[in-house]
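Visitor: Hey, dropping entry_14.cif in here, mmCIF, C-alpha atoms and all ligand atoms:
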```
data_model
loop_
_atom_site.label_atom_id
_atom_site.label_comp_id
_atom_site.auth_asym_id
_atom_site.auth_seq_id
_atom_site.Cartn_x
_atom_site.Cartn_y
_atom_site.Cartn_z
CA MET E 107 115.91 111.48 122.19
CA THR E 108 116.04 109.57 118.94
CA THR E 109 119.01 110.39 116.75
CA MET E 110 118.86 111.13 113.04
CA GLN E 111 120.25 107.68 112.43
CA ASP E 112 117.71 105.62 114.34
CA SER E 113 114.74 107.89 113.74
CA PRO E 114 111.99 105.93 111.96
CA THR E 115 111.55 106.81 108.31
CA ALA E 116 108.34 106.70 106.30
CA ALA E 117 109.87 104.04 104.06
CA GLY E 118 110.90 101.97 107.11
CA SER E 119 107.56 102.07 108.88
CA GLY E 120 105.72 101.77 105.55
CA ALA E 121 107.63 98.62 104.60
CA SER E 122 106.98 97.09 108.06
CA ALA E 123 103.29 97.98 107.86
CA SER E 124 103.06 96.43 104.38
CA SER E 125 104.79 93.17 105.30
CA ASN E 126 102.81 92.80 108.54
CA PHE E 127 99.56 93.40 106.70
CA LYS E 128 100.39 90.74 104.11
CA ALA E 129 101.51 88.28 106.81
CA ALA E 130 98.28 88.77 108.77
CA ALA E 131 96.34 87.90 105.58
CA LEU E 132 93.46 90.13 106.64
CA THR E 133 92.35 90.31 103.04
CA SER E 134 89.40 88.19 102.00
CA ALA E 135 88.90 87.01 98.45
CA GLY E 136 85.58 85.92 97.06
CA ALA E 137 83.59 89.07 96.23
CA SER E 138 81.12 88.38 93.42
CA PRO E 139 81.65 89.99 89.99
CA GLU E 140 78.50 92.05 90.64
CA ARG E 141 79.89 93.38 93.90
CA VAL E 142 83.28 94.17 92.36
CA SER E 143 81.64 95.92 89.42
CA THR E 144 79.26 97.96 91.60
CA VAL E 145 81.89 99.19 94.07
CA VAL E 146 84.70 99.78 91.57
CA THR E 147 82.34 101.61 89.19
CA ALA E 148 81.25 103.88 92.04
CA VAL E 149 84.87 104.61 93.00
CA LEU E 150 85.83 105.41 89.39
CA GLN E 151 82.74 107.59 88.94
CA GLY E 152 83.83 109.55 92.01
CA VAL E 153 87.27 110.10 90.47
CA HIS E 154 85.78 111.06 87.09
CA ALA E 155 83.39 113.51 88.74
CA ALA E 156 86.28 115.15 90.66
CA ILE E 157 88.25 115.57 87.39
CA ARG E 158 85.30 117.18 85.61
CA ALA E 159 84.24 119.38 88.51
CA ASN E 160 87.78 120.71 88.96
CA ALA E 161 88.92 120.70 85.31
CA VAL E 162 91.98 118.62 86.25
CA THR E 163 94.83 119.22 83.77
CA TYR E 164 97.29 116.77 82.15
CA PRO E 165 100.19 117.93 84.38
CA GLU E 166 97.99 117.38 87.45
CA PHE E 167 96.97 113.93 86.21
CA GLN E 168 100.62 112.96 85.64
CA ALA E 169 101.58 114.33 89.09
CA ALA E 170 98.85 112.16 90.62
CA LYS E 171 100.19 109.08 88.81
CA ALA E 172 103.74 109.79 90.01
CA TRP E 173 102.46 110.20 93.58
CA LEU E 174 100.46 106.94 93.46
CA MET E 175 103.54 105.12 92.18
CA GLU E 176 105.64 106.51 95.05
CA VAL E 177 103.08 105.47 97.68
CA GLY E 178 103.36 101.91 96.39
CA GLU E 179 107.15 101.95 96.05
CA VAL E 180 107.72 102.99 99.67
CA GLY E 181 104.94 100.77 101.03
CA GLU E 182 102.74 103.55 102.38
CA TRP E 183 99.40 102.20 101.21
CA PRO E 184 98.55 100.71 104.65
CA LEU E 185 99.23 104.09 106.29
CA PHE E 186 97.33 106.07 103.67
CA MET E 187 94.30 103.75 103.68
CA ASP E 188 94.05 103.67 107.46
CA VAL E 189 94.39 107.44 107.85
CA PHE E 190 92.07 108.57 105.06
CA VAL E 191 89.67 105.71 104.35
CA GLU E 192 89.33 103.22 107.24
CA HIS E 193 87.17 105.48 109.43
CA VAL E 194 84.32 105.30 106.93
CA VAL E 195 84.52 101.49 106.71
CA GLU E 196 84.35 101.42 110.52
CA GLU E 197 81.40 103.85 110.50
CA VAL E 198 79.48 101.56 108.14
CA ALA E 199 80.29 98.48 110.25
CA ALA E 200 79.26 100.34 113.43
CA ASP E 201 75.72 100.87 112.10
CA ALA E 202 74.91 97.24 112.95
CA GLN E 203 76.81 97.06 116.26
CA HIS E 204 75.94 97.43 119.96
CA GLY E 205 78.13 97.82 123.04
CA THR E 206 81.40 99.73 123.28
CA LYS E 207 82.01 101.97 120.26
CA GLY E 208 84.69 100.83 117.84
CA SER E 209 87.37 102.81 116.05
CA ILE E 210 89.93 102.10 113.35
CA LEU E 211 92.51 99.32 113.72
CA GLY E 212 95.26 101.41 112.07
CA PRO E 213 98.44 100.03 110.49
CA TYR E 214 100.41 99.26 113.67
CA TYR E 215 98.68 96.20 115.15
CA LEU E 216 100.97 93.20 115.65
CA PRO E 217 99.66 89.77 116.76
CA ASP E 218 101.24 87.33 119.25
CA GLN E 219 102.19 89.78 122.00
CA THR E 220 103.11 88.98 125.62
CA ARG E 221 100.23 87.61 127.73
CA LEU E 222 99.79 89.42 131.05
CA ALA E 223 97.77 88.94 134.23
CA ALA E 224 94.77 91.16 135.01
CA GLU E 225 96.88 93.52 137.11
CA CYS E 226 100.02 94.22 135.10
CA GLU E 227 102.57 96.57 133.64
CA LEU E 228 103.17 96.65 129.87
CA PRO E 229 106.63 95.59 128.65
CA HIS E 230 108.79 98.73 128.45
CA ARG E 231 112.41 99.89 128.23
CA PRO E 232 114.25 100.47 131.54
CA ASP E 233 114.41 104.18 130.72
CA GLU E 234 110.95 104.43 129.14
CA LYS E 235 109.96 108.11 128.99
CA GLY E 236 106.51 109.43 129.73
CA GLU E 237 104.12 110.11 132.60
CA PRO E 238 102.97 106.93 134.39
CA LEU E 239 99.42 105.99 133.35
CA VAL E 240 97.13 103.28 134.73
CA LEU E 241 94.08 102.16 132.76
CA SER E 242 91.68 99.99 134.72
CA GLY E 243 88.16 98.75 134.10
CA GLN E 244 85.85 95.82 133.58
CA VAL E 245 84.72 93.77 130.58
CA ARG E 246 80.99 92.94 130.62
CA ASP E 247 78.27 91.43 128.50
CA LEU E 248 75.52 93.78 127.25
CA ASP E 249 73.34 92.62 130.17
CA GLY E 250 76.04 93.59 132.70
CA THR E 251 77.47 90.12 133.35
CA PRO E 252 81.23 90.39 134.03
CA LEU E 253 83.36 88.48 131.51
CA ALA E 254 86.18 86.63 133.29
CA GLY E 255 89.14 85.45 131.21
CA ALA E 256 88.51 87.96 128.42
CA ASP E 257 91.48 89.34 126.46
CA VAL E 258 92.15 93.08 126.64
CA GLU E 259 94.83 93.58 124.01
CA ILE E 260 96.52 96.97 124.13
CA TRP E 261 99.19 98.69 122.04
CA HIS E 262 100.23 102.32 121.81
CA ALA E 263 102.92 104.77 120.76
CA ASP E 264 105.70 105.82 123.14
CA ALA E 265 106.29 109.31 124.55
CA ASP E 266 107.86 110.30 121.19
CA GLY E 267 104.85 109.05 119.18
CA TYR E 268 106.54 105.91 117.77
CA TYR E 269 105.31 102.27 117.78
CA SER E 270 107.45 99.22 118.54
CA GLY E 271 107.82 96.94 115.51
CA PHE E 272 107.80 99.95 113.18
CA ALA E 273 110.68 102.03 114.57
CA PRO E 274 114.09 100.32 114.64
CA HIS E 275 115.21 101.92 117.92
CA ILE E 276 112.34 100.41 119.98
CA PRO E 277 112.48 96.74 121.14
CA LEU E 278 109.84 94.40 119.74
CA GLY E 279 106.82 94.05 122.01
CA ASN E 280 107.44 97.37 123.76
CA LEU E 281 104.19 98.93 125.10
CA ARG E 282 102.13 96.02 123.77
CA GLY E 283 100.39 93.19 125.61
CA VAL E 284 97.36 90.91 125.92
CA VAL E 285 95.81 91.26 129.39
CA GLU E 286 93.47 88.58 130.76
CA THR E 287 90.58 89.81 132.91
CA ASP E 288 90.19 88.38 136.43
CA ALA E 289 87.23 86.46 137.92
CA GLU E 290 85.24 89.73 138.06
CA GLY E 291 86.10 90.69 134.49
CA LYS E 292 88.43 93.39 135.77
CA PHE E 293 91.86 94.58 134.64
CA SER E 294 94.43 97.23 135.61
CA ILE E 295 97.23 98.09 133.19
CA ARG E 296 100.22 100.25 134.12
CA THR E 297 101.95 102.01 131.21
CA VAL E 298 103.11 105.48 130.16
CA GLN E 299 101.22 108.31 128.52
CA PRO E 300 101.61 108.09 124.71
CA ALA E 301 102.38 111.23 122.68
CA PRO E 302 100.23 112.39 119.77
CA TYR E 303 101.12 110.56 116.55
CA GLN E 304 102.38 112.34 113.46
CA ILE E 305 102.07 110.86 109.95
CA PRO E 306 105.70 110.40 108.75
CA THR E 307 106.51 113.70 107.03
CA ASP E 308 109.29 112.32 104.81
CA GLY E 309 107.07 110.03 102.69
CA PRO E 310 104.47 110.62 99.98
CA THR E 311 101.51 110.74 102.41
CA GLY E 312 103.32 113.42 104.43
CA LYS E 313 104.19 115.30 101.23
CA LEU E 314 100.55 115.24 100.14
CA ILE E 315 99.44 116.56 103.55
CA GLU E 316 101.98 119.38 103.30
CA ALA E 317 101.10 120.17 99.68
CA ALA E 318 97.43 120.44 100.66
CA GLY E 319 98.16 122.58 103.72
CA TRP E 320 96.61 120.05 106.13
CA HIS E 321 98.12 118.99 109.45
CA PRO E 322 99.60 115.48 109.95
CA TRP E 323 98.52 114.79 113.54
CA ARG E 324 96.42 112.23 115.40
CA PRO E 325 95.57 112.89 119.07
CA ALA E 326 97.36 110.72 121.66
CA HIS E 327 95.57 107.37 121.87
CA LEU E 328 95.60 103.82 123.17
CA HIS E 329 94.63 101.00 120.80
CA LEU E 330 92.47 98.22 122.29
CA MET E 331 91.12 94.94 120.97
CA VAL E 332 88.80 93.22 123.45
CA ARG E 333 87.89 89.56 122.90
CA ALA E 334 85.72 87.12 124.85
CA ASP E 335 84.35 83.72 123.87
CA GLY E 336 80.90 83.94 122.33
CA HIS E 337 81.15 87.71 121.83
CA ARG E 338 81.96 90.04 118.96
CA THR E 339 85.50 91.39 119.25
CA VAL E 340 85.65 95.14 119.79
CA THR E 341 88.52 97.00 118.09
CA THR E 342 88.73 100.54 119.37
CA GLN E 343 90.89 103.43 120.58
CA LEU E 344 90.78 105.56 123.71
CA TYR E 345 91.75 109.24 123.71
CA PHE E 346 92.56 111.80 126.42
CA ALA E 347 90.33 114.72 127.41
CA GLY E 348 91.94 118.07 126.66
CA GLY E 349 94.61 116.54 124.42
CA ASP E 350 95.95 118.22 121.28
CA TRP E 351 94.31 117.35 117.95
CA LEU E 352 91.27 115.74 119.61
CA ASP E 353 88.96 117.89 117.48
CA SER E 354 90.93 117.62 114.24
CA ASP E 355 92.27 114.03 114.05
CA VAL E 356 93.76 113.58 110.56
CA ALA E 357 92.32 110.02 110.62
CA GLU E 358 88.85 111.22 111.78
CA ALA E 359 88.72 108.28 114.18
CA THR E 360 87.70 109.92 117.48
CA LYS E 361 84.26 109.50 119.08
CA PRO E 362 82.95 111.33 122.15
CA GLU E 363 82.31 107.99 123.91
CA LEU E 364 85.99 107.06 123.65
CA ILE E 365 87.58 109.88 125.65
CA LEU E 366 89.33 109.11 128.94
CA ASN E 367 89.54 111.61 131.76
CA PRO E 368 92.64 110.59 133.74
CA ALA E 369 93.29 112.13 137.15
CA ASP E 370 96.57 112.33 139.06
CA ASP E 371 96.39 110.03 142.11
CA GLY E 372 98.72 112.32 144.09
CA THR E 373 101.86 110.26 143.34
CA GLY E 374 102.42 111.51 139.79
CA THR E 375 100.53 108.57 138.25
CA ARG E 376 97.52 109.41 136.11
CA ARG E 377 94.64 106.95 136.49
CA ALA E 378 91.75 106.43 134.10
CA SER E 379 89.01 103.85 134.00
CA TYR E 380 87.06 102.44 131.10
CA ASP E 381 84.57 99.56 130.98
CA PHE E 382 84.00 97.53 127.81
CA GLU E 383 80.61 96.09 126.84
CA LEU E 384 80.63 93.23 124.34
CA GLU E 385 77.60 92.05 122.38
CA PRO E 386 76.94 88.38 121.63
CA ALA E 387 78.72 87.12 118.52
C1 LIG E 401 97.87 105.59 111.35
C2 LIG E 401 98.61 105.54 112.52
C3 LIG E 401 97.99 105.29 113.72
O1 LIG E 401 98.68 105.21 114.90
C4 LIG E 401 96.64 105.07 113.76
O2 LIG E 401 96.10 104.81 114.96
C5 LIG E 401 95.90 105.13 112.61
C6 LIG E 401 96.52 105.38 111.40
C7 LIG E 401 98.56 105.83 110.04
O3 LIG E 401 99.69 106.33 110.02
O4 LIG E 401 97.99 105.47 109.01
FE FE E 402 97.71 104.55 116.44
#
```
Here is a file; write its structure as structure tokens.

Guide:
Amino acid sequence: MTTMQDSPTAAGSGASASSNFKAAALTSAGASPERVSTVVTAVLQGVHAAIRANAVTYPEFQAAKAWLMEVGEVGEWPLFMDVFVEHVVEEVAADAQHGTKGSILGPYYLPDQTRLAAECELPHRPDEKGEPLVLSGQVRDLDGTPLAGADVEIWHADADGYYSGFAPHIPLGNLRGVVETDAEGKFSIRTVQPAPYQIPTDGPTGKLIEAAGWHPWRPAHLHLMVRADGHRTVTTQLYFAGGDWLDSDVAEATKPELILNPADDGTGTRRASYDFELEPA
């Protein structure tokens, strides 16, 4: 059990997510003035239309400003954007893509993790909680050619729903790794079943969710980023059949093609398989 003291706070995970995002420099400058004007005008028109349609009052406008300020002050913009906006950006990108379906990256990716052989166990604490889980599969080209030496990067929450690097009580690199496929493009990764993830309830995003009467949950999931030379990298997530929140993900990032169906192998280990298909770059 986590204690009150070492339990991750919204401000703690928000600040980590913000600094990691800035360090990764995923932002790209260089949009033309026309593009900036077109997109920003459309966003503002959407806000203006919502104000008119709902006759938003001065107190409501000031409450919105105070809330926006708090999101920035505690560093929750990466969390908010990835929960409420990223899925549509991914949907637009997916229109032009073939192969394994993508899903959102989310705010908890960290680069430079431990490299592991094709058959491996993710780094974990000696007393790591959670049902043993093995994910195995193959990485292939669209024409079925196995891709040897591809990277299957994986990261996921622990059995309490927390991510290493964003919760002070979990060692860095825990339940994260970059797995290299074997000569047949295959891999087999031993880990533990992650718990569903809850948006931190003590920060402004959590307060908004509560104020609106929504729920703050994402279904249990594994994050994957699959890379192979000459191919487009697939960033995706895998979910678990029958799991809670699968039909009401707060981040709207599930797809029917991304649901695992693990089965107990008789020893208490749940095994699931998933093959990845990468299109040419
Ligand atoms: C968020 C957290 C996740 O684990 C995820 O996969 C997507 C979004 C978030 O808190 O924003
Ligand atoms: Fe996640």

Visitor: Report, as lines of an AutoDock Vina configuration file, the centre and edge lengths in Å (one decimal) of the axis-aligned box enclosing every listed atom of stretch 222-233 of chain E, padded by 5 Å on each side.

Guide:
```
center_x = 104.6
center_y = 96.6
center_z = 132.7
size_x = 29.6
size_y = 25.2
size_z = 18.9
```

Visitor: Go through E:Val180, E:Ala334, E:Val298, E:Leu211 and flag the residue nearest ligand LIG 401 (chain E), using all atoms listed in the file for the distances.

Guide: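 Selected residue with least distance to ligand LIG 401 (chain E): E:Leu211.
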
Visitor: Using all atoms listed in the file, determine which residues fall within 10 Å of ligand LIG 401 (chain E), then list them as a PyMOL selection string.

Guide: chain E and resi 116+119-120+123+182-193+209-215+261-263+267-269+302-306+311-312+322-329+342-343+355-359

Visitor: So which residues touch E:Gly181 within 7 Å, counting only C-alpha atoms, skipping near sequence neighbours fewer than 4 positions away, as a list in words?

Guide: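 That gives Ala117, Gly120, Ala121, Ser124 and Val177 of chain E.
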
Visitor: Write out as JSON, numbers by chain which residues come within 8 Å of E:Pro386 when counting all atoms listed in the file, dropping same-chain ones fewer than 3 positions away.

Guide: {"E": [247, 248, 336, 337, 338]}

Visitor: Neighbours of E:Ala273 within 9 Å (all atoms listed in the file; same-chain residues fewer than 2 positions away dropped), as a list in words?

Guide: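 In the requested form, the answer reads Asp112, Ser113, Pro114, Thr115, Gly118, Ser119, Ser122, Tyr268, Tyr269, Ser270, Gly271, His275, Ile276 and Pro277 of chain E.
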
Visitor: Just checking: using only C-alpha atoms and all ligand atoms, which residue out of E:Gly178, E:Gly255, E:Pro300, E:Pro165 ends up closest to ligand FE 402 (chain E)?

Guide: E:Pro300

Visitor: Would you kindly return, as a PyMOL selection string, each protein, DNA or RNA residue with an atom no farther than 8 Å from any atom of stretch 369-375 of chain E, considering only C-alpha atoms and excluding same-chain residues fewer than 3 positions away?

Guide: chain E and resi 237-240+378

Visitor: Would you mind telling me which residue in E:Glu197, E:Asp257, E:Asp264, E:Asp308 lies nearest to ligand FE 402 (chain E) when using only C-alpha atoms and all ligand atoms?

Guide: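 Smallest separation from ligand FE 402 (chain E) among the options: E:Asp264.
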
Visitor: Here is a test: counting only C-alpha atoms, which residue of E:Pro217, E:Pro274, E:Gly348, E:Pro232 is nearest to E:Glu259?

Guide: E:Pro217

Visitor: Expressed in Å to a single decimal, how great is the separation between atom CA of E:Phe346 and atom CA of E:Glu363?

Guide: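 So the two atoms, atom CA of E:Phe346 and atom CA of E:Glu363, lie 11.2 Å apart.
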
Visitor: Using only C-alpha atoms, which protein or nucleic acid residues come within 8 Å of E:Ser379? Drop anything in the same chain fewer than 5 positions from it, and give the result as a VMD selection string.

Guide: chain E and resid 241 to 243 366 368

Visitor: Got time to write the residues from that selection, C-alpha atoms, as a PDB file, in the frame of the given file?

Guide:
```
ATOM      1  CA  LEU E 241      94.080 102.160 132.760  1.00  0.00           C
ATOM      2  CA  SER E 242      91.680  99.990 134.720  1.00  0.00           C
ATOM      3  CA  GLY E 243      88.160  98.750 134.100  1.00  0.00           C
ATOM      4  CA  LEU E 366      89.330 109.110 128.940  1.00  0.00           C
ATOM      5  CA  PRO E 368      92.640 110.590 133.740  1.00  0.00           C
TER       6      PRO E 368
END
```

Visitor: Record the distance separating atom CA of E:Ala129 and atom CA of E:Leu216, expressed in Å with one decimal.

Guide: 10.1 Å

Visitor: Could you complete stretch 173-204 of chain E so that it carries N, CA and C atoms, and give it back as a PDB file, in the coordinates of the input?

Guide:
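After the write, result_10.pdb holds the following:
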```pdb
ATOM      1  N   TRP E 173     102.649 110.304  92.120  1.00  0.00           N
ATOM      2  CA  TRP E 173     102.460 110.200  93.580  1.00  0.00           C
ATOM      3  C   TRP E 173     101.944 108.804  93.951  1.00  0.00           C
ATOM      4  N   LEU E 174     100.985 108.297  93.189  1.00  0.00           N
ATOM      5  CA  LEU E 174     100.460 106.940  93.460  1.00  0.00           C
ATOM      6  C   LEU E 174     101.561 105.901  93.355  1.00  0.00           C
ATOM      7  N   MET E 175     102.419 106.061  92.341  1.00  0.00           N
ATOM      8  CA  MET E 175     103.540 105.120  92.180  1.00  0.00           C
ATOM      9  C   MET E 175     104.452 105.166  93.406  1.00  0.00           C
ATOM     10  N   GLU E 176     104.734 106.378  93.903  1.00  0.00           N
ATOM     11  CA  GLU E 176     105.640 106.510  95.050  1.00  0.00           C
ATOM     12  C   GLU E 176     105.032 105.894  96.314  1.00  0.00           C
ATOM     13  N   VAL E 177     103.727 106.065  96.501  1.00  0.00           N
ATOM     14  CA  VAL E 177     103.080 105.470  97.680  1.00  0.00           C
ATOM     15  C   VAL E 177     103.295 103.957  97.681  1.00  0.00           C
ATOM     16  N   GLY E 178     103.152 103.350  96.497  1.00  0.00           N
ATOM     17  CA  GLY E 178     103.360 101.910  96.390  1.00  0.00           C
ATOM     18  C   GLY E 178     104.815 101.522  96.600  1.00  0.00           C
ATOM     19  N   GLU E 179     105.717 102.295  95.980  1.00  0.00           N
ATOM     20  CA  GLU E 179     107.150 101.950  96.050  1.00  0.00           C
ATOM     21  C   GLU E 179     107.671 101.981  97.485  1.00  0.00           C
ATOM     22  N   VAL E 180     107.208 102.926  98.294  1.00  0.00           N
ATOM     23  CA  VAL E 180     107.720 102.990  99.670  1.00  0.00           C
ATOM     24  C   VAL E 180     106.819 102.238 100.657  1.00  0.00           C
ATOM     25  N   GLY E 181     105.779 101.599 100.163  1.00  0.00           N
ATOM     26  CA  GLY E 181     104.940 100.770 101.030  1.00  0.00           C
ATOM     27  C   GLY E 181     104.010 101.556 101.931  1.00  0.00           C
ATOM     28  N   GLU E 182     103.579 102.742 101.494  1.00  0.00           N
ATOM     29  CA  GLU E 182     102.740 103.550 102.380  1.00  0.00           C
ATOM     30  C   GLU E 182     101.243 103.330 102.216  1.00  0.00           C
ATOM     31  N   TRP E 183     100.847 102.388 101.358  1.00  0.00           N
ATOM     32  CA  TRP E 183      99.400 102.200 101.210  1.00  0.00           C
ATOM     33  C   TRP E 183      98.695 101.850 102.510  1.00  0.00           C
ATOM     34  N   PRO E 184      99.259 100.982 103.387  1.00  0.00           N
ATOM     35  CA  PRO E 184      98.550 100.710 104.650  1.00  0.00           C
ATOM     36  C   PRO E 184      98.353 101.982 105.475  1.00  0.00           C
ATOM     37  N   LEU E 185      99.365 102.842 105.524  1.00  0.00           N
ATOM     38  CA  LEU E 185      99.230 104.090 106.290  1.00  0.00           C
ATOM     39  C   LEU E 185      98.175 104.985 105.658  1.00  0.00           C
ATOM     40  N   PHE E 186      98.268 105.176 104.354  1.00  0.00           N
ATOM     41  CA  PHE E 186      97.330 106.070 103.670  1.00  0.00           C
ATOM     42  C   PHE E 186      95.891 105.593 103.844  1.00  0.00           C
ATOM     43  N   MET E 187      95.675 104.296 103.604  1.00  0.00           N
ATOM     44  CA  MET E 187      94.300 103.750 103.680  1.00  0.00           C
ATOM     45  C   MET E 187      93.725 103.890 105.080  1.00  0.00           C
ATOM     46  N   ASP E 188      94.562 103.647 106.092  1.00  0.00           N
ATOM     47  CA  ASP E 188      94.050 103.670 107.460  1.00  0.00           C
ATOM     48  C   ASP E 188      93.827 105.105 107.957  1.00  0.00           C
ATOM     49  N   VAL E 189      94.592 106.051 107.436  1.00  0.00           N
ATOM     50  CA  VAL E 189      94.390 107.440 107.850  1.00  0.00           C
ATOM     51  C   VAL E 189      93.186 108.062 107.132  1.00  0.00           C
ATOM     52  N   PHE E 190      93.056 107.805 105.832  1.00  0.00           N
ATOM     53  CA  PHE E 190      92.070 108.570 105.060  1.00  0.00           C
ATOM     54  C   PHE E 190      90.804 107.806 104.684  1.00  0.00           C
ATOM     55  N   VAL E 191      90.824 106.480 104.832  1.00  0.00           N
ATOM     56  CA  VAL E 191      89.670 105.710 104.350  1.00  0.00           C
ATOM     57  C   VAL E 191      89.044 104.834 105.444  1.00  0.00           C
ATOM     58  N   GLU E 192      89.874 104.242 106.325  1.00  0.00           N
ATOM     59  CA  GLU E 192      89.330 103.220 107.240  1.00  0.00           C
ATOM     60  C   GLU E 192      88.185 103.730 108.096  1.00  0.00           C
ATOM     61  N   HIS E 193      88.218 105.002 108.500  1.00  0.00           N
ATOM     62  CA  HIS E 193      87.170 105.480 109.430  1.00  0.00           C
ATOM     63  C   HIS E 193      85.772 105.352 108.844  1.00  0.00           C
ATOM     64  N   VAL E 194      85.656 105.423 107.527  1.00  0.00           N
ATOM     65  CA  VAL E 194      84.320 105.300 106.930  1.00  0.00           C
ATOM     66  C   VAL E 194      83.881 103.826 106.893  1.00  0.00           C
ATOM     67  N   VAL E 195      84.835 102.927 106.664  1.00  0.00           N
ATOM     68  CA  VAL E 195      84.520 101.490 106.710  1.00  0.00           C
ATOM     69  C   VAL E 195      84.046 101.129 108.122  1.00  0.00           C
ATOM     70  N   GLU E 196      84.724 101.675 109.120  1.00  0.00           N
ATOM     71  CA  GLU E 196      84.350 101.420 110.520  1.00  0.00           C
ATOM     72  C   GLU E 196      82.966 101.994 110.815  1.00  0.00           C
ATOM     73  N   GLU E 197      82.704 103.193 110.291  1.00  0.00           N
ATOM     74  CA  GLU E 197      81.400 103.850 110.500  1.00  0.00           C
ATOM     75  C   GLU E 197      80.265 102.982 109.931  1.00  0.00           C
ATOM     76  N   VAL E 198      80.491 102.419 108.761  1.00  0.00           N
ATOM     77  CA  VAL E 198      79.480 101.560 108.140  1.00  0.00           C
ATOM     78  C   VAL E 198      79.276 100.298 108.979  1.00  0.00           C
ATOM     79  N   ALA E 199      80.377  99.683 109.423  1.00  0.00           N
ATOM     80  CA  ALA E 199      80.290  98.480 110.250  1.00  0.00           C
ATOM     81  C   ALA E 199      79.549  98.783 111.550  1.00  0.00           C
ATOM     82  N   ALA E 200      79.817  99.974 112.124  1.00  0.00           N
ATOM     83  CA  ALA E 200      79.260 100.340 113.430  1.00  0.00           C
ATOM     84  C   ALA E 200      77.744 100.472 113.410  1.00  0.00           C
ATOM     85  N   ASP E 201      77.174 100.725 112.225  1.00  0.00           N
ATOM     86  CA  ASP E 201      75.720 100.870 112.100  1.00  0.00           C
ATOM     87  C   ASP E 201      74.971  99.668 112.656  1.00  0.00           C
ATOM     88  N   ALA E 202      75.597  98.469 112.538  1.00  0.00           N
ATOM     89  CA  ALA E 202      74.910  97.240 112.950  1.00  0.00           C
ATOM     90  C   ALA E 202      75.413  96.737 114.299  1.00  0.00           C
ATOM     91  N   GLN E 203      76.164  97.565 115.046  1.00  0.00           N
ATOM     92  CA  GLN E 203      76.810  97.060 116.260  1.00  0.00           C
ATOM     93  C   GLN E 203      76.246  97.698 117.538  1.00  0.00           C
ATOM     94  N   HIS E 204      76.339  96.941 118.632  1.00  0.00           N
ATOM     95  CA  HIS E 204      75.940  97.430 119.960  1.00  0.00           C
ATOM     96  C   HIS E 204      77.116  97.258 120.909  1.00  0.00           C
TER      97      HIS E 204
END
```
